[in-house]
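What follows is upload_2.pdb (PDB, C-alpha atoms).
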```
MODEL        1
ATOM      1  CA  MET A 891      15.265   9.798 -15.851  1.00  0.00           C
ATOM      2  CA  ALA A 892      12.314  10.626 -13.616  1.00  0.00           C
ATOM      3  CA  ALA A 893      12.939  12.935 -10.664  1.00  0.00           C
ATOM      4  CA  ALA A 894      13.247  11.248  -7.295  1.00  0.00           C
ATOM      5  CA  LEU A 895      10.169  11.486  -5.085  1.00  0.00           C
ATOM      6  CA  LYS A 896      10.066  14.106  -2.356  1.00  0.00           C
ATOM      7  CA  PHE A 897       8.913  12.817   1.022  1.00  0.00           C
ATOM      8  CA  LEU A 898       8.377  13.546   4.706  1.00  0.00           C
ATOM      9  CA  THR A 899      10.045  11.456   7.379  1.00  0.00           C
ATOM     10  CA  VAL A 900       8.798  10.554  10.856  1.00  0.00           C
ATOM     11  CA  ALA A 901      11.934   9.540  12.708  1.00  0.00           C
ATOM     12  CA  PRO A 902      12.108   6.435  14.903  1.00  0.00           C
ATOM     13  CA  ARG A 903      12.200   7.035  18.658  1.00  0.00           C
ATOM     14  CA  ALA A 904      14.669   4.185  19.214  1.00  0.00           C
ATOM     15  CA  THR A 905      17.467   2.619  17.143  1.00  0.00           C
ATOM     16  CA  HIS A 906      16.266   2.438  13.521  1.00  0.00           C
ATOM     17  CA  THR A 907      15.870  -1.197  12.433  1.00  0.00           C
ATOM     18  CA  ALA A 908      12.750  -1.088  10.206  1.00  0.00           C
ATOM     19  CA  THR A 909      10.945   1.258   7.812  1.00  0.00           C
ATOM     20  CA  VAL A 910       7.365   1.797   6.687  1.00  0.00           C
ATOM     21  CA  ILE A 911       6.874   3.591   3.369  1.00  0.00           C
ATOM     22  CA  PHE A 912       3.253   4.772   3.324  1.00  0.00           C
ATOM     23  CA  ILE A 913       1.705   6.149   0.122  1.00  0.00           C
ATOM     24  CA  HIS A 914      -1.121   8.701   0.206  1.00  0.00           C
ATOM     25  CA  GLY A 915      -4.217   8.785  -1.998  1.00  0.00           C
ATOM     26  CA  LEU A 916      -5.283  10.995  -4.912  1.00  0.00           C
ATOM     27  CA  GLY A 917      -5.176  14.729  -4.173  1.00  0.00           C
ATOM     28  CA  ASP A 918      -3.377  14.285  -0.848  1.00  0.00           C
ATOM     29  CA  THR A 919       0.272  14.581   0.195  1.00  0.00           C
ATOM     30  CA  GLY A 920       2.497  12.673   2.585  1.00  0.00           C
ATOM     31  CA  ALA A 921       1.506  15.199   5.252  1.00  0.00           C
ATOM     32  CA  GLY A 922      -2.015  13.769   5.236  1.00  0.00           C
ATOM     33  CA  TRP A 923      -0.746  10.595   6.907  1.00  0.00           C
ATOM     34  CA  GLN A 924       1.842  12.222   9.170  1.00  0.00           C
ATOM     35  CA  PRO A 925      -0.482  12.243  12.241  1.00  0.00           C
ATOM     36  CA  VAL A 926      -1.050   8.484  11.868  1.00  0.00           C
ATOM     37  CA  ALA A 927       2.680   7.825  11.460  1.00  0.00           C
ATOM     38  CA  GLU A 928       3.444   9.912  14.544  1.00  0.00           C
ATOM     39  CA  MET A 929       0.757   8.110  16.555  1.00  0.00           C
ATOM     40  CA  PHE A 930       2.223   4.735  15.572  1.00  0.00           C
ATOM     41  CA  ALA A 931       5.768   5.953  16.289  1.00  0.00           C
ATOM     42  CA  HIS A 932       4.795   6.579  19.919  1.00  0.00           C
ATOM     43  CA  ASP A 933       3.731   2.953  20.424  1.00  0.00           C
ATOM     44  CA  THR A 934       6.413   1.257  22.519  1.00  0.00           C
ATOM     45  CA  SER A 935       6.466  -1.758  20.165  1.00  0.00           C
ATOM     46  CA  LEU A 936       7.063   0.344  17.025  1.00  0.00           C
ATOM     47  CA  GLN A 937       9.626   2.909  18.174  1.00  0.00           C
ATOM     48  CA  HIS A 938      12.335   1.303  16.015  1.00  0.00           C
ATOM     49  CA  VAL A 939      10.358   2.092  12.837  1.00  0.00           C
ATOM     50  CA  LYS A 940      11.085   5.051  10.565  1.00  0.00           C
ATOM     51  CA  TRP A 941       8.177   6.291   8.432  1.00  0.00           C
ATOM     52  CA  ILE A 942       8.687   7.631   4.915  1.00  0.00           C
ATOM     53  CA  LEU A 943       5.679   9.512   3.513  1.00  0.00           C
ATOM     54  CA  PRO A 944       6.271  10.289  -0.175  1.00  0.00           C
ATOM     55  CA  HIS A 945       4.497  13.062  -2.089  1.00  0.00           C
ATOM     56  CA  ALA A 946       2.997  12.216  -5.486  1.00  0.00           C
ATOM     57  CA  PRO A 947       3.893  14.466  -8.411  1.00  0.00           C
ATOM     58  CA  ILE A 948       1.278  16.973  -9.621  1.00  0.00           C
ATOM     59  CA  ALA A 949      -0.534  15.742 -12.722  1.00  0.00           C
ATOM     60  CA  PRO A 950      -3.771  16.426 -14.668  1.00  0.00           C
ATOM     61  CA  ILE A 951      -6.613  14.004 -13.881  1.00  0.00           C
ATOM     62  CA  THR A 952      -8.771  13.179 -16.901  1.00  0.00           C
ATOM     63  CA  ALA A 953     -11.865  12.308 -14.835  1.00  0.00           C
ATOM     64  CA  ASN A 954     -11.575  15.705 -13.094  1.00  0.00           C
ATOM     65  CA  ASN A 955     -11.609  17.631 -16.394  1.00  0.00           C
ATOM     66  CA  GLY A 956      -7.832  17.764 -16.433  1.00  0.00           C
ATOM     67  CA  PHE A 957      -7.572  19.468 -13.045  1.00  0.00           C
ATOM     68  CA  ARG A 958      -4.012  19.154 -11.730  1.00  0.00           C
ATOM     69  CA  MET A 959      -3.461  17.513  -8.350  1.00  0.00           C
ATOM     70  CA  PRO A 960      -1.078  15.122  -6.574  1.00  0.00           C
ATOM     71  CA  ALA A 961      -1.555  11.746  -8.281  1.00  0.00           C
ATOM     72  CA  TRP A 962       0.315   8.485  -8.657  1.00  0.00           C
ATOM     73  CA  PHE A 963      -1.474   7.856 -11.977  1.00  0.00           C
ATOM     74  CA  ASP A 964      -4.263   9.274 -14.116  1.00  0.00           C
ATOM     75  CA  VAL A 965      -7.908   8.319 -13.591  1.00  0.00           C
ATOM     76  CA  PHE A 966     -10.023   8.138 -16.746  1.00  0.00           C
ATOM     77  CA  GLU A 967     -13.380   7.376 -15.087  1.00  0.00           C
ATOM     78  CA  PHE A 968     -14.510   7.338 -11.481  1.00  0.00           C
ATOM     79  CA  GLY A 969     -16.596   4.416 -10.276  1.00  0.00           C
ATOM     80  CA  ASN A 970     -16.319   2.175 -13.361  1.00  0.00           C
ATOM     81  CA  ILE A 971     -14.651  -1.099 -12.375  1.00  0.00           C
ATOM     82  CA  ASN A 972     -13.768  -1.816 -16.012  1.00  0.00           C
ATOM     83  CA  ALA A 973     -12.485   1.671 -16.893  1.00  0.00           C
ATOM     84  CA  ARG A 974      -9.313   2.104 -18.949  1.00  0.00           C
ATOM     85  CA  GLU A 975      -6.225   2.289 -16.713  1.00  0.00           C
ATOM     86  CA  ASP A 976      -3.088   4.420 -16.841  1.00  0.00           C
ATOM     87  CA  GLU A 977      -0.594   1.575 -17.092  1.00  0.00           C
ATOM     88  CA  GLU A 978       2.292   3.873 -18.012  1.00  0.00           C
ATOM     89  CA  GLY A 979       1.675   6.143 -15.017  1.00  0.00           C
ATOM     90  CA  ILE A 980       1.285   3.223 -12.617  1.00  0.00           C
ATOM     91  CA  LEU A 981       4.538   1.584 -13.736  1.00  0.00           C
ATOM     92  CA  LYS A 982       6.375   4.915 -13.582  1.00  0.00           C
ATOM     93  CA  SER A 983       5.230   5.423  -9.988  1.00  0.00           C
ATOM     94  CA  ALA A 984       6.164   1.835  -9.105  1.00  0.00           C
ATOM     95  CA  HIS A 985       9.678   2.549 -10.390  1.00  0.00           C
ATOM     96  CA  ALA A 986       9.887   5.689  -8.238  1.00  0.00           C
ATOM     97  CA  LEU A 987       8.689   3.806  -5.152  1.00  0.00           C
ATOM     98  CA  ASN A 988      11.238   1.066  -5.806  1.00  0.00           C
ATOM     99  CA  GLN A 989      13.896   3.791  -5.691  1.00  0.00           C
ATOM    100  CA  LEU A 990      12.756   4.661  -2.152  1.00  0.00           C
ATOM    101  CA  ILE A 991      13.060   0.995  -1.180  1.00  0.00           C
ATOM    102  CA  THR A 992      16.532   0.842  -2.724  1.00  0.00           C
ATOM    103  CA  ALA A 993      17.631   3.930  -0.799  1.00  0.00           C
ATOM    104  CA  GLU A 994      16.571   2.308   2.488  1.00  0.00           C
ATOM    105  CA  VAL A 995      18.385  -0.934   1.629  1.00  0.00           C
ATOM    106  CA  ASP A 996      21.483   1.038   0.666  1.00  0.00           C
ATOM    107  CA  ALA A 997      21.276   2.803   4.039  1.00  0.00           C
ATOM    108  CA  GLY A 998      21.412  -0.550   5.842  1.00  0.00           C
ATOM    109  CA  ILE A 999      17.770  -1.585   6.359  1.00  0.00           C
ATOM    110  CA  PRO A1000      17.148  -5.033   4.809  1.00  0.00           C
ATOM    111  CA  ALA A1001      14.170  -5.316   2.442  1.00  0.00           C
ATOM    112  CA  SER A1002      12.784  -7.902   4.871  1.00  0.00           C
ATOM    113  CA  ARG A1003      12.424  -5.052   7.399  1.00  0.00           C
ATOM    114  CA  ILE A1004      10.520  -2.728   5.060  1.00  0.00           C
ATOM    115  CA  VAL A1005       6.717  -2.518   4.779  1.00  0.00           C
ATOM    116  CA  LEU A1006       5.093  -0.767   1.839  1.00  0.00           C
ATOM    117  CA  GLY A1007       1.589   0.508   2.491  1.00  0.00           C
ATOM    118  CA  GLY A1008      -0.919   3.025   1.270  1.00  0.00           C
ATOM    119  CA  PHE A1009      -4.443   4.387   1.104  1.00  0.00           C
ATOM    120  CA  SER A1010      -6.682   4.330  -2.018  1.00  0.00           C
ATOM    121  CA  GLN A1011      -4.434   5.157  -5.013  1.00  0.00           C
ATOM    122  CA  GLY A1012      -1.510   4.654  -2.641  1.00  0.00           C
ATOM    123  CA  ALA A1013      -2.860   1.231  -1.678  1.00  0.00           C
ATOM    124  CA  ALA A1014      -3.115   0.322  -5.356  1.00  0.00           C
ATOM    125  CA  MET A1015       0.515   1.391  -5.785  1.00  0.00           C
ATOM    126  CA  SER A1016       1.640  -0.607  -2.762  1.00  0.00           C
ATOM    127  CA  LEU A1017       0.092  -3.737  -4.306  1.00  0.00           C
ATOM    128  CA  VAL A1018       1.576  -3.230  -7.774  1.00  0.00           C
ATOM    129  CA  THR A1019       5.019  -2.347  -6.415  1.00  0.00           C
ATOM    130  CA  GLY A1020       5.091  -4.916  -3.627  1.00  0.00           C
ATOM    131  CA  LEU A1021       3.924  -7.844  -5.770  1.00  0.00           C
ATOM    132  CA  THR A1022       6.414  -7.127  -8.569  1.00  0.00           C
ATOM    133  CA  THR A1023       9.526  -5.849  -6.805  1.00  0.00           C
ATOM    134  CA  GLU A1024      12.544  -8.147  -6.965  1.00  0.00           C
ATOM    135  CA  ARG A1025      13.077  -7.752  -3.214  1.00  0.00           C
ATOM    136  CA  ARG A1026      11.219  -9.706  -0.558  1.00  0.00           C
ATOM    137  CA  LEU A1027       9.602  -7.098   1.672  1.00  0.00           C
ATOM    138  CA  ALA A1028       8.346  -7.584   5.232  1.00  0.00           C
ATOM    139  CA  GLY A1029       4.764  -6.998   4.116  1.00  0.00           C
ATOM    140  CA  LEU A1030       2.175  -4.736   2.500  1.00  0.00           C
ATOM    141  CA  GLY A1031      -0.550  -2.568   4.014  1.00  0.00           C
ATOM    142  CA  VAL A1032      -3.567  -1.969   1.752  1.00  0.00           C
ATOM    143  CA  LEU A1033      -6.234   0.475   2.977  1.00  0.00           C
ATOM    144  CA  SER A1034      -9.291   1.123   0.771  1.00  0.00           C
ATOM    145  CA  GLY A1035      -7.412  -0.144  -2.268  1.00  0.00           C
ATOM    146  CA  TRP A1036      -7.610  -2.423  -5.283  1.00  0.00           C
ATOM    147  CA  LEU A1037      -5.266  -4.157  -7.718  1.00  0.00           C
ATOM    148  CA  PRO A1038      -4.955  -2.122 -10.941  1.00  0.00           C
ATOM    149  CA  ILE A1039      -3.433  -3.369 -14.240  1.00  0.00           C
ATOM    150  CA  ARG A1040      -4.169  -6.909 -13.024  1.00  0.00           C
ATOM    151  CA  HIS A1041      -2.955  -8.793 -16.082  1.00  0.00           C
ATOM    152  CA  LYS A1042       0.236  -6.748 -16.289  1.00  0.00           C
ATOM    153  CA  VAL A1043       0.928  -7.518 -12.633  1.00  0.00           C
ATOM    154  CA  LYS A1044       0.287 -11.212 -13.284  1.00  0.00           C
ATOM    155  CA  ALA A1045       2.984 -11.144 -15.975  1.00  0.00           C
ATOM    156  CA  MET A1046       5.418  -9.295 -13.672  1.00  0.00           C
ATOM    157  CA  VAL A1047       4.699 -10.924 -10.306  1.00  0.00           C
ATOM    158  CA  SER A1048       7.753 -11.831  -8.223  1.00  0.00           C
ATOM    159  CA  ASP A1049       8.660 -15.232  -6.831  1.00  0.00           C
ATOM    160  CA  HIS A1050       8.156 -13.777  -3.351  1.00  0.00           C
ATOM    161  CA  ALA A1051       4.535 -12.700  -3.813  1.00  0.00           C
ATOM    162  CA  LYS A1052       2.858 -15.820  -2.351  1.00  0.00           C
ATOM    163  CA  LYS A1053       4.982 -15.568   0.798  1.00  0.00           C
ATOM    164  CA  LEU A1054       4.290 -11.869   1.328  1.00  0.00           C
ATOM    165  CA  PRO A1055       2.201 -10.959   4.404  1.00  0.00           C
ATOM    166  CA  ILE A1056      -0.522  -8.508   3.337  1.00  0.00           C
ATOM    167  CA  PHE A1057      -2.886  -6.499   5.528  1.00  0.00           C
ATOM    168  CA  TRP A1058      -5.972  -5.377   3.597  1.00  0.00           C
ATOM    169  CA  GLY A1059      -8.751  -3.283   5.103  1.00  0.00           C
ATOM    170  CA  HIS A1060     -11.795  -1.909   3.281  1.00  0.00           C
ATOM    171  CA  GLY A1061     -14.991  -0.130   4.292  1.00  0.00           C
ATOM    172  CA  LYS A1062     -18.215  -1.751   3.113  1.00  0.00           C
ATOM    173  CA  ALA A1063     -19.779   1.699   2.616  1.00  0.00           C
ATOM    174  CA  ASP A1064     -16.936   3.082   0.473  1.00  0.00           C
ATOM    175  CA  PRO A1065     -18.481   5.134  -2.382  1.00  0.00           C
ATOM    176  CA  ILE A1066     -15.130   5.947  -4.057  1.00  0.00           C
ATOM    177  CA  VAL A1067     -13.330   2.584  -4.217  1.00  0.00           C
ATOM    178  CA  ARG A1068     -16.393   0.408  -3.883  1.00  0.00           C
ATOM    179  CA  PHE A1069     -16.234  -2.745  -1.783  1.00  0.00           C
ATOM    180  CA  ASP A1070     -16.882  -4.938  -4.844  1.00  0.00           C
ATOM    181  CA  LYS A1071     -13.765  -3.482  -6.483  1.00  0.00           C
ATOM    182  CA  ALA A1072     -11.754  -4.806  -3.544  1.00  0.00           C
ATOM    183  CA  THR A1073     -13.427  -8.227  -3.574  1.00  0.00           C
ATOM    184  CA  LEU A1074     -12.872  -8.574  -7.337  1.00  0.00           C
ATOM    185  CA  SER A1075      -9.191  -7.850  -6.753  1.00  0.00           C
ATOM    186  CA  LEU A1076      -9.077 -10.450  -3.989  1.00  0.00           C
ATOM    187  CA  GLU A1077     -10.671 -13.031  -6.294  1.00  0.00           C
ATOM    188  CA  PHE A1078      -8.109 -12.273  -9.003  1.00  0.00           C
ATOM    189  CA  LEU A1079      -5.223 -12.618  -6.552  1.00  0.00           C
ATOM    190  CA  LYS A1080      -6.629 -15.924  -5.336  1.00  0.00           C
ATOM    191  CA  LYS A1081      -7.446 -17.497  -8.701  1.00  0.00           C
ATOM    192  CA  GLU A1082      -4.723 -16.056 -10.933  1.00  0.00           C
ATOM    193  CA  LEU A1083      -1.812 -15.519  -8.537  1.00  0.00           C
ATOM    194  CA  ARG A1084      -2.635 -18.186  -5.929  1.00  0.00           C
ATOM    195  CA  ILE A1085      -2.470 -15.636  -3.116  1.00  0.00           C
ATOM    196  CA  ASP A1086      -5.147 -16.619  -0.607  1.00  0.00           C
ATOM    197  CA  THR A1087      -6.809 -14.864   2.301  1.00  0.00           C
ATOM    198  CA  VAL A1088      -5.581 -16.139   5.661  1.00  0.00           C
ATOM    199  CA  GLU A1089      -6.383 -15.699   9.329  1.00  0.00           C
ATOM    200  CA  PRO A1090      -4.417 -12.896  11.020  1.00  0.00           C
ATOM    201  CA  GLU A1091      -2.478 -15.387  13.154  1.00  0.00           C
ATOM    202  CA  ASN A1092      -1.182 -17.104   9.987  1.00  0.00           C
ATOM    203  CA  VAL A1093      -0.263 -14.033   7.926  1.00  0.00           C
ATOM    204  CA  LEU A1094       3.470 -14.285   8.600  1.00  0.00           C
ATOM    205  CA  ASN A1095       3.552 -17.312   6.299  1.00  0.00           C
ATOM    206  CA  GLY A1096       2.151 -15.209   3.451  1.00  0.00           C
ATOM    207  CA  GLY A1097      -1.325 -14.349   2.187  1.00  0.00           C
ATOM    208  CA  ILE A1098      -3.904 -11.631   2.747  1.00  0.00           C
ATOM    209  CA  GLU A1099      -5.297 -10.761   6.150  1.00  0.00           C
ATOM    210  CA  PHE A1100      -8.570  -9.164   4.997  1.00  0.00           C
ATOM    211  CA  HIS A1101     -10.736  -6.959   7.186  1.00  0.00           C
ATOM    212  CA  ALA A1102     -14.137  -5.597   6.089  1.00  0.00           C
ATOM    213  CA  TYR A1103     -15.566  -2.693   8.090  1.00  0.00           C
ATOM    214  CA  GLU A1104     -19.327  -2.159   8.351  1.00  0.00           C
ATOM    215  CA  GLY A1105     -20.423   1.413   7.703  1.00  0.00           C
ATOM    216  CA  LEU A1106     -16.925   2.688   6.904  1.00  0.00           C
ATOM    217  CA  ALA A1107     -16.748   5.015   3.887  1.00  0.00           C
ATOM    218  CA  HIS A1108     -13.579   6.044   2.009  1.00  0.00           C
ATOM    219  CA  SER A1109     -11.392   6.532   5.066  1.00  0.00           C
ATOM    220  CA  ALA A1110      -9.607   4.706   7.850  1.00  0.00           C
ATOM    221  CA  ASP A1111     -11.136   4.486  11.327  1.00  0.00           C
ATOM    222  CA  PRO A1112      -9.590   3.660  14.733  1.00  0.00           C
ATOM    223  CA  GLU A1113     -10.513  -0.036  14.479  1.00  0.00           C
ATOM    224  CA  GLU A1114      -8.742  -0.392  11.130  1.00  0.00           C
ATOM    225  CA  LEU A1115      -5.683   1.521  12.331  1.00  0.00           C
ATOM    226  CA  ASP A1116      -5.473  -0.657  15.448  1.00  0.00           C
ATOM    227  CA  GLU A1117      -5.546  -3.806  13.306  1.00  0.00           C
ATOM    228  CA  LEU A1118      -2.923  -2.340  10.955  1.00  0.00           C
ATOM    229  CA  LYS A1119      -0.774  -1.563  14.002  1.00  0.00           C
ATOM    230  CA  SER A1120      -1.086  -5.187  15.197  1.00  0.00           C
ATOM    231  CA  PHE A1121      -0.016  -6.353  11.731  1.00  0.00           C
ATOM    232  CA  LEU A1122       3.038  -4.069  11.762  1.00  0.00           C
ATOM    233  CA  LYS A1123       4.078  -5.400  15.165  1.00  0.00           C
ATOM    234  CA  LYS A1124       3.993  -8.938  13.740  1.00  0.00           C
ATOM    235  CA  VAL A1125       5.936  -8.263  10.539  1.00  0.00           C
ATOM    236  CA  LEU A1126       8.367  -5.679  11.974  1.00  0.00           C
ATOM    237  CA  PRO A1127       9.057  -6.891  15.525  1.00  0.00           C
ATOM    238  CA  ALA A1128      11.613  -5.044  17.605  1.00  0.00           C
ATOM    239  CA  GLN A1129      15.083  -6.564  17.423  1.00  0.00           C
ATOM    240  CA  GLU A1130      17.296  -7.168  20.432  1.00  0.00           C
TER
ENDMDL
END
```

Could I get this file's structure written as structure tokens?
Amino acid sequence: MAAALKFLTVAPRATHTATVIFIHGLGDTGAGWQPVAEMFAHDTSLQHVKWILPHAPIAPITANNGFRMPAWFDVFEFGNINAREDEEGILKSAHALNQLITAEVDAGIPASRIVLGGFSQGAAMSLVTGLTTERRLAGLGVLSGWLPIRHKVKAMVSDHAKKLPIFWGHGKADPIVRFDKATLSLEFLKKELRIDTVEPENVLNGGIEFHAYEGLAHSADPEELDELKSFLKKVLPAQE
């Protein structure tokens, strides 16, 4: 049995009725996204949201000569769209993230009030986990990400996937997870899983609200974070 993930929590500032689980990228920790979570928590429309920021386990990364760092899965080659993928590691991390979702549901937060999001490797994990979990989540937040183990996900995809609101932002100048890696993933989701891109005002009915950012490298900027915040307000509205 794999050890449960360790995580940071940013507490809600009002009665807790929704949760965002946000997954960091390769080499980072949950603390890397704590300032963003705290900034969002101060917004008057999101004060009911608790943030869970899990830490990836430490693992050797093949493409970094076996150097050990926080990672959700191994990387065999950087930059190669068709590189071999660590299916076992990805599925193991998806299982661990599902345990975090289960813990929130057990604590009284419905799955329909939980958003799973992430950056880079964390964004990839949010897609794999969110599209295959048996529970219908409130939505997914994908920042600078891609869909790994595509054909495995296609075989595992849940009945809820087409109705899942998804925010997806990606910088056009990203040298790490190149923009074409994101667009190839979008094409796969559209053709193979019938999950289309939609306008932001229609995302609550399911589909991908896609935002491309000119000049943005492998990071999130204020414009992207503002649009993610607007998405969260739609999918996790305050309850009376």

Nearest-residue call for Ala893 (chain A), choices A:Gly915, A:Thr905, A:Lys982, A:Phe966, using only C-alpha atoms: A:Lys982

Among the residues A:Arg958, A:His1041, A:Arg974, A:Lys940, the one that comes closest to Gln924 (chain A) [using all atoms listed in the file]: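 Ranking A:Arg958, A:His1041, A:Arg974, A:Lys940 by distance to Gln924 (chain A), first place goes to A:Lys940.
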
As a check of understanding, name the residues that the PyMOL selection byres ((chain A and resi 1046) around 10) selects in the supplied structure, as a compact mmCIF listing (two decimals) with C-alpha atoms, keeping the file's coordinate frame.
```
# COMPACT_ATOMS: atom_id res chain seq x y z
CA VAL A 1018 1.58 -3.23 -7.77
CA LEU A 1021 3.92 -7.84 -5.77
CA THR A 1022 6.41 -7.13 -8.57
CA THR A 1023 9.53 -5.85 -6.80
CA GLU A 1024 12.54 -8.15 -6.96
CA ARG A 1040 -4.17 -6.91 -13.02
CA HIS A 1041 -2.96 -8.79 -16.08
CA LYS A 1042 0.24 -6.75 -16.29
CA VAL A 1043 0.93 -7.52 -12.63
CA LYS A 1044 0.29 -11.21 -13.28
CA ALA A 1045 2.98 -11.14 -15.98
CA VAL A 1047 4.70 -10.92 -10.31
CA SER A 1048 7.75 -11.83 -8.22
CA ASP A 1049 8.66 -15.23 -6.83
```

Reference answer for the PyMOL selection byres ((chain A and resi 1016) around 12), as a PyMOL selection string: chain A and resi 910-915+962+980-981+983-988+991+1005-1015+1017-1023+1027+1029-1038+1056-1058

Selected residue, from A:Thr1087, A:Asn955, A:Asn970, A:Ser935, that lies nearest to Ala904 (chain A) when counting all atoms listed in the file: A:Ser935

Point-to-point distance in Å for CA of Val1067 (chain A) and CA of Ala1110 (chain A):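 Separating CA of Ala1110 (chain A) from CA of Val1067 (chain A) is a distance of 12.8 Å.
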
Target residues per the PyMOL selection byres ((chain A and resi 938) around 12), formatted as an mmCIF file with C-alpha atoms, keeping the file's coordinate frame:
```cif
data_model
loop_
_atom_site.group_PDB
_atom_site.id
_atom_site.type_symbol
_atom_site.label_atom_id
_atom_site.label_comp_id
_atom_site.auth_asym_id
_atom_site.auth_seq_id
_atom_site.Cartn_x
_atom_site.Cartn_y
_atom_site.Cartn_z
ATOM 1 C CA VAL A 900 8.798 10.554 10.856
ATOM 2 C CA ALA A 901 11.934 9.540 12.708
ATOM 3 C CA PRO A 902 12.108 6.435 14.903
ATOM 4 C CA ARG A 903 12.200 7.035 18.658
ATOM 5 C CA ALA A 904 14.669 4.185 19.214
ATOM 6 C CA THR A 905 17.467 2.619 17.143
ATOM 7 C CA HIS A 906 16.266 2.438 13.521
ATOM 8 C CA THR A 907 15.870 -1.197 12.433
ATOM 9 C CA ALA A 908 12.750 -1.088 10.206
ATOM 10 C CA THR A 909 10.945 1.258 7.812
ATOM 11 C CA VAL A 910 7.365 1.797 6.687
ATOM 12 C CA PHE A 930 2.223 4.735 15.572
ATOM 13 C CA ALA A 931 5.768 5.953 16.289
ATOM 14 C CA HIS A 932 4.795 6.579 19.919
ATOM 15 C CA ASP A 933 3.731 2.953 20.424
ATOM 16 C CA THR A 934 6.413 1.257 22.519
ATOM 17 C CA SER A 935 6.466 -1.758 20.165
ATOM 18 C CA LEU A 936 7.063 0.344 17.025
ATOM 19 C CA GLN A 937 9.626 2.909 18.174
ATOM 20 C CA VAL A 939 10.358 2.092 12.837
ATOM 21 C CA LYS A 940 11.085 5.051 10.565
ATOM 22 C CA TRP A 941 8.177 6.291 8.432
ATOM 23 C CA ILE A 999 17.770 -1.585 6.359
ATOM 24 C CA ARG A 1003 12.424 -5.052 7.399
ATOM 25 C CA ILE A 1004 10.520 -2.728 5.060
ATOM 26 C CA LEU A 1122 3.038 -4.069 11.762
ATOM 27 C CA LYS A 1123 4.078 -5.400 15.165
ATOM 28 C CA LEU A 1126 8.367 -5.679 11.974
ATOM 29 C CA PRO A 1127 9.057 -6.891 15.525
ATOM 30 C CA ALA A 1128 11.613 -5.044 17.605
ATOM 31 C CA GLN A 1129 15.083 -6.564 17.423
ATOM 32 C CA GLU A 1130 17.296 -7.168 20.432
#
```

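For the choices A:Leu990, A:Ile1039, A:Ile1098, A:Leu1115, the atom-to-atom distance to His945 (chain A) is smallest for A:Leu990 when using all atoms listed in the file.
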
Between CA of Glu1099 (chain A) and CA of Ile1066 (chain A), distance in Å (one decimal): 21.9 Å

Å distance separating CA of Gly1096 (chain A) from CA of Lys1052 (chain A), one decimal place: 5.9 Å

A:Lys1124, A:Leu1074, A:Ala1063, A:Asn1092 ranked by distance to Leu1106 (chain A), top pick (using all atoms listed in the file): A:Ala1063

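Checking A:Glu1117, A:Glu1091, A:Glu977, A:Asp964 one by one against Ile948 (chain A), counting only C-alpha atoms, you find the shortest gap at A:Asp964.
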
All residues 8 Å or closer to His1101 (chain A), only C-alpha atoms, same chain fewer than 5 positions away omitted, as a VMD selection string: chain A and resid 1058 to 1060 1114
